[in-house]
Amino acid sequence: MTSKKASGAKPAQRIIKKYPNRRLYDTDTSTYITLAEVKQLVMQAQPFVVRDAKTNEDLTRSILLQIILEEEAGGAPMFSEAALANLIRFYGHAAQGFMGSYLEKNVQAFTDLQAQLAEQTKNFTPEMWTQFMSMQNPLGLMGNYAEQSKTMFETMQEQMQKSTEQMLASFGIKK
């Protein structure tokens with residue numbers, strides 16, 4: 001019998017149950033875990049889902065938002081008040097769906113850039129790091145990221161324009 005790891009298959013999704021007393025139960029380890037331990041699963045890129053123990057409702061997004069809230073309340077928040085206010089303004093706005101997709105793609109592009117940079121610099125000596133950090137645009141990577149971000153934004157704008165034109169056309173209004 002071949003194990004999942006040996007066959008190259010995706011690892012099974014870990015199930016965490018959330019009980020009414022707000023406790024989280026990891027069904028893989030048969031133990032209660034903390035929000036900090038759920039954060040560790042995220043950091044280790046382990047697939048998991050959080051389910052309500054009674055209703056089986058998927059609560060994963062809620063738990064992830066809770067982790068973000070705790071991180072933001074900590075000493076070094078990632079989002080300024082202005083950035084948070086701008087995000088809130090997109091809720092209910094016609095561009096809400098596009099903005100979510102745009103942010104998701106940008107975060108993924110930045111994550112890919114970070115992984116690429118880590119791979120290319122894993123064998124650097126302290127002297128090499130000093131030289132690398134003094135460069136104007138290390139490996140051209142930030143330029144690539146900025147170009148990708150610009151392209152994604154332009155695609156989002158085109159999609160919004162097409163959607164608007166289709167909506168207006170449905171009302172018999174031509175541009």
# chains A, B, ... in the order shown; residues from 1 in each chain; ligands from 1

$ residues_around --residues "Thr29 in chain A" --least-positions-apart "4" --cutoff "12 Å" --atoms "only C-alpha atoms" --output "number ranges by chain"
A: 14-17, 24-25, 33

$ select_by_dssp --residues "range 39-145 of chain A" --states "alpha helix (DSSP H)" --output "MDAnalysis selection string"
chainID A and resid 39:43 60:73 81:90 96:120 126:134 141:145

$ closest_residue --among "A:Glu71, A:Asp26, A:Glu154, A:Glu37" --to "Ala53 in chain A" --atoms "only C-alpha atoms"
A:Asp26

$ residues_around --residues "Gln46 in chain A" --least-positions-apart "3" --cutoff "12 Å" --atoms "only C-alpha atoms" --output "PyMOL selection string"
chain A and resi 10-15+37-43+49

$ select_by_dssp --residues "range 29-75 of chain A" --states "strand (DSSP E)" --output "MDAnalysis selection string"
chainID A and resid 31:33 48:52

$ residues_around --residues "range 54-57 of chain A" --least-positions-apart "6" --cutoff "10 Å" --atoms "only C-alpha atoms" --output "number ranges by chain"
A: 17-20

$ write_last_selection --atoms "N, CA, C and O atoms" --output "PDB file, in the first residue's frame"
ATOM      1  N   LYS A  17     -12.147  21.327  15.238  1.00  0.00           N
ATOM      2  CA  LYS A  17     -13.530  21.587  15.635  1.00  0.00           C
ATOM      3  C   LYS A  17     -13.553  22.709  16.661  1.00  0.00           C
ATOM      4  O   LYS A  17     -12.739  22.747  17.578  1.00  0.00           O
ATOM      5  N   LYS A  18     -14.503  23.615  16.470  1.00  0.00           N
ATOM      6  CA  LYS A  18     -14.674  24.725  17.408  1.00  0.00           C
ATOM      7  C   LYS A  18     -15.933  24.457  18.225  1.00  0.00           C
ATOM      8  O   LYS A  18     -17.006  24.268  17.679  1.00  0.00           O
ATOM      9  N   TYR A  19     -15.760  24.436  19.518  1.00  0.00           N
ATOM     10  CA  TYR A  19     -16.863  24.151  20.421  1.00  0.00           C
ATOM     11  C   TYR A  19     -17.489  25.442  20.932  1.00  0.00           C
ATOM     12  O   TYR A  19     -16.873  26.503  20.874  1.00  0.00           O
ATOM     13  N   PRO A  20     -18.741  25.348  21.451  1.00  0.00           N
ATOM     14  CA  PRO A  20     -19.436  26.554  21.937  1.00  0.00           C
ATOM     15  C   PRO A  20     -18.655  27.320  23.005  1.00  0.00           C
ATOM     16  O   PRO A  20     -18.784  28.527  23.114  1.00  0.00           O
TER      17      PRO A  20
END

$ closest_residue --among "A:His93, A:Ala85, A:Leu35, A:Asn106" --to "Leu65 in chain A" --atoms "only C-alpha atoms"
A:Leu35
